[in-house]
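K.L.:
For reference, the file protein_7.txt (compact mmCIF, C-alpha atoms and all ligand atoms) is included below:
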```
# COMPACT_ATOMS: atom_id res chain seq x y z
CA MET A 1 100.38 87.88 105.01
CA ARG A 2 96.99 88.44 106.62
CA ILE A 3 94.31 89.99 104.41
CA GLY A 4 90.95 91.19 105.69
CA ILE A 5 87.98 91.49 103.35
CA LEU A 6 85.25 93.95 104.31
CA GLY A 7 81.93 93.00 102.69
CA MET A 8 80.97 89.47 101.70
CA GLY A 9 78.63 90.45 98.86
CA SER A 10 79.01 89.81 95.17
CA ALA A 11 82.43 91.49 94.89
CA GLY A 12 83.82 90.53 98.32
CA SER A 13 83.06 86.84 97.85
CA ARG A 14 84.84 86.86 94.49
CA HIS A 15 87.86 88.52 96.11
CA LEU A 16 87.75 85.84 98.81
CA ARG A 17 87.76 83.01 96.27
CA ALA A 18 90.67 84.65 94.44
CA PHE A 19 92.89 85.36 97.46
CA ARG A 20 92.27 81.83 98.69
CA ARG A 21 94.15 80.51 95.71
CA LEU A 22 97.34 82.36 96.68
CA SER A 23 99.83 80.70 98.96
CA GLY A 24 101.00 82.35 102.15
CA VAL A 25 97.80 84.38 102.52
CA ASP A 26 95.75 84.12 105.68
CA LEU A 27 92.18 85.43 105.24
CA ILE A 28 89.57 86.89 107.52
CA ALA A 29 86.36 88.66 106.47
CA ALA A 30 83.65 90.93 107.88
CA ASP A 31 80.05 91.62 107.04
CA VAL A 32 77.34 93.33 109.03
CA ASP A 33 74.75 90.95 107.69
CA ALA A 34 74.34 87.67 109.64
CA GLU A 35 73.15 85.69 106.63
CA ARG A 36 76.14 86.81 104.57
CA ARG A 37 78.42 85.84 107.47
CA ARG A 38 76.87 82.39 107.72
CA HIS A 39 77.18 81.89 103.99
CA ALA A 40 80.87 82.84 103.93
CA GLU A 41 81.62 80.83 107.06
CA ALA A 42 80.11 77.76 105.41
CA ASP A 43 82.82 78.34 102.84
CA GLY A 44 85.41 77.93 105.59
CA VAL A 45 86.50 81.49 106.32
CA SER A 46 86.26 83.23 109.67
CA VAL A 47 83.83 86.18 109.36
CA VAL A 48 83.40 88.87 112.01
CA PRO A 49 80.50 91.34 112.20
CA SER A 50 82.23 94.70 111.82
CA LEU A 51 85.15 96.70 110.50
CA ASN A 52 86.38 97.20 114.08
CA ASP A 53 86.46 93.44 114.66
CA LEU A 54 88.30 92.98 111.41
CA LEU A 55 90.90 95.61 112.30
CA ALA A 56 91.33 93.98 115.71
CA ALA A 57 92.64 90.89 113.87
CA ARG A 58 95.52 93.15 112.71
CA PRO A 59 95.51 92.42 108.97
CA ASP A 60 98.45 93.60 106.85
CA ALA A 61 96.11 94.61 104.06
CA MET A 62 92.40 95.01 103.47
CA VAL A 63 89.99 94.64 100.59
CA ILE A 64 87.15 97.16 100.88
CA ALA A 65 84.05 95.84 99.11
CA VAL A 66 81.03 97.57 100.62
CA PRO A 67 78.39 99.91 99.11
CA HIS A 68 79.87 103.05 97.59
CA VAL A 69 79.04 105.50 100.37
CA TYR A 70 81.09 103.45 102.84
CA LEU A 71 84.16 102.86 100.70
CA ALA A 72 86.25 105.94 101.50
CA GLU A 73 85.65 105.95 105.24
CA ALA A 74 86.37 102.23 105.57
CA GLY A 75 89.49 102.62 103.43
CA MET A 76 90.78 105.49 105.58
CA ARG A 77 90.19 103.56 108.78
CA ALA A 78 92.06 100.60 107.36
CA ILE A 79 94.98 102.85 106.36
CA ASP A 80 94.96 104.45 109.82
CA ALA A 81 95.25 100.95 111.26
CA GLY A 82 98.38 100.39 109.16
CA CYS A 83 96.86 98.43 106.28
CA HIS A 84 97.51 98.58 102.56
CA VAL A 85 94.15 98.68 100.77
CA LEU A 86 92.57 97.20 97.69
CA MET A 87 89.62 99.52 97.17
CA GLU A 88 86.56 98.53 95.20
CA LYS A 89 85.59 101.13 92.64
CA PRO A 90 84.67 103.97 92.66
CA MET A 91 86.91 104.24 95.79
CA ALA A 92 84.83 107.22 97.01
CA THR A 93 81.71 109.03 95.86
CA GLY A 94 83.38 112.45 95.89
CA ARG A 95 86.73 113.80 94.73
CA ASP A 96 87.75 115.25 98.10
CA ASP A 97 87.25 111.95 99.93
CA ALA A 98 89.25 110.08 97.29
CA ALA A 99 92.06 112.63 97.42
CA ALA A 100 92.08 112.55 101.24
CA LEU A 101 92.33 108.76 101.19
CA LEU A 102 95.31 108.89 98.83
CA GLU A 103 97.00 111.57 100.90
CA ARG A 104 96.49 109.58 104.07
CA ALA A 105 97.98 106.48 102.43
CA ARG A 106 100.95 108.48 101.13
CA ARG A 107 101.70 109.90 104.59
CA ALA A 108 101.35 106.49 106.20
CA GLY A 109 103.52 104.81 103.56
CA ARG A 110 100.66 102.44 102.62
CA PHE A 111 99.69 101.39 99.09
CA VAL A 112 96.30 101.82 97.45
CA MET A 113 95.15 99.58 94.62
CA VAL A 114 91.80 100.09 92.89
CA SER A 115 89.82 97.07 91.74
CA PHE A 116 89.65 97.85 88.02
CA VAL A 117 89.63 94.14 87.32
CA HIS A 118 88.94 94.54 83.59
CA ARG A 119 92.65 95.24 83.16
CA PHE A 120 93.19 91.61 84.13
CA ARG A 121 90.92 90.24 81.42
CA PRO A 122 93.35 88.50 79.05
CA GLU A 123 91.86 90.09 75.91
CA VAL A 124 92.22 93.58 77.44
CA ALA A 125 95.78 92.90 78.64
CA GLU A 126 96.69 91.60 75.17
CA ALA A 127 95.12 94.66 73.50
CA ARG A 128 97.22 96.91 75.76
CA ARG A 129 100.36 95.00 74.71
CA VAL A 130 99.45 95.40 71.01
CA ILE A 131 98.96 99.15 71.42
CA ALA A 132 102.05 99.63 73.61
CA ARG A 133 104.22 97.85 71.01
CA GLY A 134 102.96 100.32 68.39
CA HIS A 135 101.27 97.68 66.21
CA ILE A 136 98.31 99.97 65.41
CA GLY A 137 100.33 103.18 65.57
CA GLN A 138 99.22 106.24 67.48
CA PRO A 139 95.76 105.65 69.03
CA ARG A 140 93.26 108.25 67.78
CA LEU A 141 89.78 107.00 68.67
CA ILE A 142 88.33 104.63 71.26
CA VAL A 143 84.69 103.54 71.18
CA ASP A 144 83.53 101.62 74.26
CA ILE A 145 80.00 100.25 74.58
CA MET A 146 78.91 98.48 77.75
CA ALA A 147 75.18 97.89 77.41
CA SER A 148 73.55 95.14 79.46
CA GLY A 149 70.14 93.62 79.89
CA ALA A 150 68.32 93.10 83.15
CA SER A 151 70.30 91.19 85.78
CA ASP A 152 70.32 90.72 89.51
CA MET A 153 72.11 93.65 91.12
CA PRO A 154 72.17 94.84 94.73
CA SER A 155 69.23 97.22 95.20
CA TRP A 156 71.38 99.88 96.92
CA VAL A 157 72.95 100.51 93.50
CA TRP A 158 69.74 102.35 92.53
CA SER A 159 69.76 104.68 95.53
CA ARG A 160 71.70 107.93 95.41
CA ARG A 161 72.04 107.98 99.20
CA HIS A 162 73.62 104.54 99.17
CA ALA A 163 75.45 104.50 95.86
CA GLY A 164 76.30 108.16 95.22
CA GLY A 165 75.71 107.64 91.50
CA GLY A 166 74.26 105.04 89.18
CA MET A 167 75.53 102.74 86.47
CA MET A 168 78.60 104.89 85.76
CA PHE A 169 79.76 104.18 89.30
CA TYR A 170 78.72 100.53 89.35
CA ASN A 171 79.83 99.58 85.82
CA GLY A 172 80.89 102.45 83.57
CA ILE A 173 83.89 103.49 85.62
CA HIS A 174 85.53 100.28 84.32
CA GLN A 175 85.15 101.74 80.81
CA ILE A 176 86.93 104.92 81.83
CA ASP A 177 89.82 103.01 83.35
CA ARG A 178 89.96 100.66 80.38
CA ALA A 179 90.20 103.62 77.99
CA ARG A 180 93.03 105.24 79.99
CA PHE A 181 94.81 101.88 80.30
CA LEU A 182 94.49 100.87 76.64
CA LEU A 183 95.54 104.23 75.26
CA GLY A 184 98.16 104.85 77.95
CA ASP A 185 96.75 108.35 78.05
CA ASP A 186 95.04 110.74 80.45
CA ILE A 187 91.58 112.17 80.03
CA ALA A 188 91.54 115.93 79.49
CA THR A 189 87.90 116.70 78.67
CA VAL A 190 84.55 115.04 79.36
CA ARG A 191 81.02 115.80 78.12
CA ALA A 192 78.00 113.63 78.76
CA GLU A 193 74.29 112.98 78.56
CA VAL A 194 73.16 111.34 81.80
CA ARG A 195 69.71 109.76 81.82
CA THR A 196 67.38 107.55 83.83
CA LEU A 197 65.39 105.83 81.13
CA GLY A 198 64.28 102.40 82.27
CA TYR A 199 64.39 102.15 86.06
CA ARG A 200 62.44 103.78 88.83
CA SER A 201 65.56 105.28 90.31
CA GLU A 202 67.10 108.56 91.35
CA VAL A 203 70.40 107.63 89.70
CA GLU A 204 71.25 107.11 86.06
CA ASP A 205 70.91 103.89 84.11
CA THR A 206 72.26 105.40 80.88
CA VAL A 207 75.17 107.63 79.93
CA THR A 208 76.62 108.62 76.58
CA ALA A 209 79.88 110.52 76.93
CA LEU A 210 82.59 112.10 74.82
CA LEU A 211 86.19 111.96 76.04
CA GLY A 212 89.16 114.05 74.92
CA PHE A 213 92.62 112.72 75.78
CA ARG A 214 95.84 114.63 76.45
CA SER A 215 97.39 113.24 73.24
CA GLY A 216 94.53 114.64 71.17
CA ALA A 217 92.83 111.25 70.83
CA VAL A 218 89.08 111.18 71.36
CA GLY A 219 86.68 108.60 72.69
CA THR A 220 83.06 107.79 73.19
CA VAL A 221 81.62 105.77 76.06
CA VAL A 222 78.13 104.30 76.16
CA GLN A 223 76.84 102.84 79.41
CA HIS A 224 73.32 101.42 79.49
CA LYS A 225 71.41 99.12 81.82
CA ALA A 226 68.25 97.96 80.15
CA PRO A 227 65.30 96.81 82.27
CA ALA A 228 64.58 94.09 79.73
CA ALA A 229 66.47 91.19 78.21
CA ALA A 230 69.08 92.39 75.76
CA LEU A 231 71.24 90.93 73.05
CA GLY A 232 74.65 92.35 72.37
CA SER A 233 78.03 92.42 74.00
CA TRP A 234 80.51 94.74 75.59
CA ASP A 235 82.63 96.09 72.75
CA THR A 236 85.75 98.20 72.70
CA GLN A 237 87.34 99.43 69.48
CA VAL A 238 90.56 101.40 69.17
CA PHE A 239 91.52 103.05 65.89
CA GLY A 240 95.17 103.99 65.46
CA SER A 241 97.25 105.73 62.80
CA ILE A 242 98.23 102.46 61.08
CA GLY A 243 95.71 99.89 62.32
CA SER A 244 92.88 99.12 64.70
CA LEU A 245 91.71 96.58 67.23
CA HIS A 246 88.41 95.26 68.48
CA ILE A 247 87.73 93.65 71.87
CA THR A 248 84.58 91.66 72.47
CA THR A 249 84.72 91.42 76.25
CA GLY A 250 85.13 87.88 77.52
CA ARG A 251 85.31 86.47 74.02
CA GLU A 252 88.11 87.70 71.78
CA MET A 253 90.44 90.46 70.64
CA ARG A 254 91.28 91.05 66.97
CA TRP A 255 93.67 93.54 65.49
CA THR A 256 94.96 94.48 62.08
CA ALA A 257 97.45 96.87 60.58
CA GLY A 258 96.41 96.24 57.00
CA GLY A 259 97.74 92.72 56.61
CA ASP A 260 96.24 89.65 58.23
CA VAL A 261 93.75 89.99 61.03
CA VAL A 262 95.38 88.68 64.21
CA LYS A 263 92.83 87.00 66.45
CA VAL A 264 93.28 86.13 70.12
CA ALA A 265 90.34 84.04 71.25
CA GLY A 266 89.05 81.66 73.85
CA MET A 267 91.22 82.75 76.73
CA PRO A 268 90.23 81.53 80.18
CA GLU A 269 89.95 84.42 82.59
CA ASP A 270 89.80 85.07 86.28
CA ARG A 271 90.10 88.81 86.61
CA PHE A 272 89.67 88.80 90.39
CA LEU A 273 92.54 86.31 90.66
CA GLY A 274 94.61 88.59 88.41
CA ALA A 275 93.96 91.54 90.71
CA ALA A 276 94.66 89.51 93.89
CA THR A 277 97.90 88.18 92.41
CA GLU A 278 99.08 91.69 91.53
CA PHE A 279 98.11 93.08 94.96
CA VAL A 280 99.97 90.39 96.90
CA ALA A 281 103.00 90.41 94.57
CA ALA A 282 103.33 94.20 94.82
CA LEU A 283 103.10 94.16 98.61
CA ARG A 284 105.72 91.41 98.83
CA GLU A 285 108.00 93.32 96.47
CA GLY A 286 107.36 96.60 98.29
CA ARG A 287 106.17 98.38 95.13
CA PRO A 288 102.85 100.18 94.44
CA PRO A 289 100.26 97.83 92.92
CA GLU A 290 98.62 98.62 89.57
CA PRO A 291 96.04 100.00 88.96
CA ASN A 292 96.83 102.42 91.76
CA GLY A 293 94.99 105.10 93.67
CA GLU A 294 95.82 107.78 91.10
CA ASP A 295 94.15 105.65 88.43
CA GLY A 296 91.13 105.43 90.71
CA LEU A 297 91.07 109.19 91.24
CA ALA A 298 91.38 109.93 87.51
CA ALA A 299 88.48 107.62 86.65
CA LEU A 300 86.36 108.99 89.49
CA GLU A 301 86.99 112.56 88.33
CA ALA A 302 85.90 111.68 84.80
CA VAL A 303 82.63 110.20 86.09
CA LEU A 304 82.02 113.22 88.32
CA ARG A 305 82.50 115.47 85.30
CA MET A 306 79.83 113.44 83.50
CA TYR A 307 77.52 113.88 86.48
CA ALA A 308 78.14 117.63 86.34
CA ASP A 309 76.50 117.51 82.89
CA GLY A 310 73.40 115.81 84.35
CA PRO A 311 71.36 114.13 85.54
CA SER A 312 68.55 115.07 83.28
CA PRO A 313 64.96 114.89 84.55
CA THR A 314 63.82 111.31 84.99
CA VAL A 315 61.49 110.29 82.20
CA SER A 316 58.34 108.64 83.45
CA SER A 317 58.06 105.97 80.78
CA PRO A 318 59.00 103.31 79.99
CA MET A 319 59.82 101.95 83.42
CA GLY A 320 60.90 98.45 84.33
CA LYS A 321 57.93 96.66 85.88
CA ASP A 322 59.74 94.99 88.76
CA THR A 323 62.47 97.48 89.52
CA PRO A 324 63.60 97.83 93.10
CA PRO A 325 62.17 100.51 95.34
CA VAL A 326 64.44 103.51 95.62
CA GLU A 327 64.89 103.23 99.38
CA GLU A 328 65.90 99.85 100.72
CA PRO A 329 67.59 99.15 104.01
CA LEU A 330 71.23 99.40 102.99
CA LEU A 331 72.52 96.57 105.05
CA ASP A 332 69.78 94.09 104.24
CA ALA A 333 71.43 91.36 102.25
CA SER A 334 68.06 90.07 101.12
CA SER A 335 67.37 93.36 99.38
CA HIS A 336 68.61 92.35 95.95
CA PRO A 337 66.20 93.33 93.20
CA ARG A 338 63.65 90.68 92.46
CA ARG A 339 62.45 90.32 88.94
N1 LIG A 401 85.34 95.19 90.47
C1 LIG A 401 84.19 94.66 90.05
O1 LIG A 401 84.11 94.08 88.96
C2 LIG A 401 82.98 94.76 90.94
C3 LIG A 401 81.87 93.93 90.74
C4 LIG A 401 80.77 94.09 91.60
C5 LIG A 401 80.80 95.05 92.61
N2 LIG A 401 81.90 95.84 92.75
C6 LIG A 401 82.00 96.86 93.81
O2 LIG A 401 82.07 96.20 95.08
C7 LIG A 401 81.44 97.00 96.08
C8 LIG A 401 80.33 96.17 96.73
O3 LIG A 401 79.40 95.82 95.72
P1 LIG A 401 78.64 94.41 95.76
O4 LIG A 401 78.05 94.23 94.39
O5 LIG A 401 79.53 93.36 96.30
O6 LIG A 401 77.49 94.74 96.80
P2 LIG A 401 76.70 93.69 97.72
O7 LIG A 401 75.48 94.38 98.19
O8 LIG A 401 76.56 92.38 96.99
O9 LIG A 401 77.71 93.44 98.92
C9 LIG A 401 78.01 94.43 99.86
C10 LIG A 401 78.20 93.73 101.20
O10 LIG A 401 78.69 94.67 102.14
C11 LIG A 401 78.04 94.43 103.37
N3 LIG A 401 78.14 95.68 104.14
C12 LIG A 401 77.47 96.82 103.96
N4 LIG A 401 77.88 97.74 104.83
C13 LIG A 401 78.81 97.18 105.60
C14 LIG A 401 79.59 97.63 106.69
N5 LIG A 401 79.47 98.89 107.13
N6 LIG A 401 80.47 96.76 107.26
C15 LIG A 401 80.59 95.50 106.79
N7 LIG A 401 79.87 95.01 105.76
C16 LIG A 401 78.99 95.85 105.18
C17 LIG A 401 76.63 94.03 103.00
O11 LIG A 401 75.98 93.32 104.03
C18 LIG A 401 76.88 93.17 101.77
O12 LIG A 401 77.07 91.80 102.09
C19 LIG A 401 80.96 98.25 95.35
O13 LIG A 401 81.94 99.23 95.46
C20 LIG A 401 80.82 97.81 93.91
O14 LIG A 401 80.92 98.86 92.96
C21 LIG A 401 82.98 95.69 91.95
```
What does the file become when written as structure tokens?
Ligand SMILES: NC(=O)c1ccc[n+]([C@@H]2O[C@H](COP(=O)([O-])OP(=O)(O)OC[C@H]3O[C@@H](n4cnc5c(N)ncnc54)[C@H](O)[C@@H]3O)[C@@H](O)[C@H]2O)c1

P.N.:
Amino acid sequence: MRIGILGMGSAGSRHLRAFRRLSGVDLIAADVDAERRRHAEADGVSVVPSLNDLLAARPDAMVIAVPHVYLAEAGMRAIDAGCHVLMEKPMATGRDDAAALLERARRAGRFVMVSFVHRFRPEVAEARRVIARGHIGQPRLIVDIMASGASDMPSWVWSRRHAGGGMMFYNGIHQIDRARFLLGDDIATVRAEVRTLGYRSEVEDTVTALLGFRSGAVGTVVQHKAPAAALGSWDTQVFGSIGSLHITTGREMRWTAGGDVVKVAGMPEDRFLGAATEFVAALREGRPPEPNGEDGLAALEAVLRMYADGPSPTVSSPMGKDTPPVEEPLLDASSHPRR
């Protein structure tokens, strides 16, 4: 099976390393940036300069890992060329583009997977199994906090023109998918406060949101990118009718139903490998991969509903001292924020 990877940035290179570990997969990549191409080629993969060149190599499937504004168009062109697609989140920056991509895939008989790799974290997968087996009863409340300190991120993430949205698109959409996945439920209502508190940016660095699920369960999501160093972790708690569980991302999952506390700790993880394995297995078995395009659309819609509640006016202080300029050349690989 030949797989093409569009974009050799932070996500694309992790996809490349993951797919490389699967047998029977022949890889080719593309990036518009010469330095990124050289870097990936030094790693032993053939890298062409454009999507057209990549499609000319006639891949069976494509991974689309470029800045948000390019995702939907690149995905549609790959589908039109007969490819199944593994779309990086948020799949599109608008609902209509995402829906059009799914419709095009359906008509063409191609599969769409969305790269919600947190599902492949062992502690999250184990938490889903605990909930699905009914160990904590009917889920009633999920609390998900993903607050991070300053880190190196591509500068386009801070530009509305390039990213379409801010930290909810780049990070928080994982929280939405994780909540739907863990509860096995659909989101019915969304309310949010959307703020730009710490970065000189036109998109948000902070969101607090309230979710209502079809089942009647409720949830709260906190997404925050601090411009300074931060302590803390990414925490997810689910409270059910007879028990509860607590995930500390990357570290452990604990659950109890009143008796002993069951602890699952220290699990090695490679979430990109988990996603690659699922994508290839599904294509070989001729079944839709999970998480699928509908999962992507549902999470995107929830984020867009948050954005409809904001953004609030940017506060002028405090600002991060060395935050990236709002407008950077999109395709300049050297344009990562410098701190
Ligand atoms: N699933 C995850 O956990 C995860 C993690 C990080 C990023 N992402 C997602 O991956 C996507 C890319 O983010 P990133 O952090 O890798 O960004 P990045 O800036 O590190 O990489 C993007 C790459 O795409 C290239 N590119 C831009 N336009 C192109 C075009 N038209 N044709 C070919 N190449 C092009 C750039 O030169 C760059 O090398 C985004 O959708 C982002 O949300 C997902």

K.L.:
Quick one: contact table of chain A to ligand LIG 401 (chain A), 6 Å max, nearest atom pair and distance in Å to one decimal per residue, counting all atoms listed in the file, chain and number order, as a Markdown table?

P.N.:
```
| residue | atom | partner | partner_atom | distance |
| --- | --- | --- | --- | --- |
| A:Leu6 | CA | A:LIG401 | C15 | 5.5 |
| A:Gly7 | CA | A:LIG401 | O10 | 3.7 |
| A:Met8 | CA | A:LIG401 | O12 | 4.6 |
| A:Gly9 | CA | A:LIG401 | O9 | 3.1 |
| A:Ser10 | CA | A:LIG401 | O5 | 3.8 |
| A:Ala11 | CA | A:LIG401 | O5 | 3.7 |
| A:Gly12 | CA | A:LIG401 | O5 | 5.5 |
| A:Ala30 | CA | A:LIG401 | C15 | 5.6 |
| A:Asp31 | CA | A:LIG401 | N7 | 3.6 |
| A:Val32 | CA | A:LIG401 | N7 | 4.5 |
| A:Asp33 | CA | A:LIG401 | O11 | 4.5 |
| A:Arg36 | CA | A:LIG401 | O12 | 5.6 |
| A:Ser50 | CA | A:LIG401 | N6 | 5.3 |
| A:Leu51 | CA | A:LIG401 | N6 | 5.7 |
| A:Ala65 | CA | A:LIG401 | C7 | 4.2 |
| A:Val66 | CA | A:LIG401 | O10 | 4.0 |
| A:Pro67 | CA | A:LIG401 | C8 | 4.8 |
| A:His68 | CA | A:LIG401 | O13 | 4.8 |
| A:Glu88 | CA | A:LIG401 | O13 | 4.7 |
| A:Lys89 | CA | A:LIG401 | O13 | 5.0 |
| A:Ser115 | CA | A:LIG401 | N1 | 5.0 |
| A:Phe116 | CA | A:LIG401 | N1 | 5.6 |
| A:Val117 | CA | A:LIG401 | N1 | 5.4 |
| A:Pro154 | CA | A:LIG401 | O7 | 4.8 |
| A:Tyr170 | CA | A:LIG401 | O14 | 4.5 |
| A:Leu331 | CA | A:LIG401 | O11 | 4.9 |
| A:Ala333 | CA | A:LIG401 | O11 | 5.3 |
```

K.L.:
Would you kindly return, as a ChimeraX atom specification, each protein, DNA or RNA residue with an atom no farther than 9 Å from any atom of A:Tyr70, considering only C-alpha atoms and excluding same-chain residues fewer than 5 positions away?

P.N.:
/A:64-65,75,92-93,162

K.L.:
Within 10 Å of (85.3, 114.6, 85.4), all atoms listed in the file: residues as a PyMOL selection string?

P.N.:
chain A and resi 95+187-192+211+297-309

K.L.:
Between A:Arg271, A:Arg37, A:Arg200, A:Arg140, which one has atoms that come closest to A:Gly219, using only C-alpha atoms?

P.N.:
A:Arg140

K.L.:
Restricting the calculation to only C-alpha atoms, which member of A:Gly164, A:Gly243, A:Gly44, A:Gly94 is positioned closest to A:Val130?

P.N.:
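Ranked by minimum distance to A:Val130, first place goes to A:Gly243.
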
K.L.:
Hey, which of A:Leu183, A:Ala282, A:Val157, A:Ala150 ends up closest to A:Ala229? Count only C-alpha atoms.

P.N.:
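For A:Ala229, the nearest of the candidates is A:Ala150.
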
K.L.:
Could you name the residues that touch A:Ile5 at 12 Å or less, counting all atoms listed in the file, but leaving out those on the same chain fewer than 3 positions away, as a ChimeraX atom specification?

P.N.:
/A:2,8-9,11-20,26-31,37,40,45-51,53-55,57,59-66,74-75,78,83-88,276

K.L.:
Please indicate the distance in Å from atom CA of A:Pro122 to atom CA of A:Ile247, rounded to one decimal place.

P.N.:
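Answer for the atom CA of A:Pro122 to atom CA of A:Ile247 separation: 10.5 Å.
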
K.L.:
Which polymer residues, protein or nucleic acid, are no farther than 7 Å from (87.9, 105.7, 98.5), counting only C-alpha atoms, as a list in words?

P.N.:
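Output: Leu71, Ala72, Gly75, Met87, Pro90, Met91, Ala92, Asp97, Ala98 and Leu101 of chain A.
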
K.L.:
When you draw a straight line from atom CA of A:Ile145 to atom CA of A:Val222, how long is it in Å?

P.N.:
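Taking atom CA of A:Ile145 as the start and atom CA of A:Val222 as the end point, the length is 4.7 Å.
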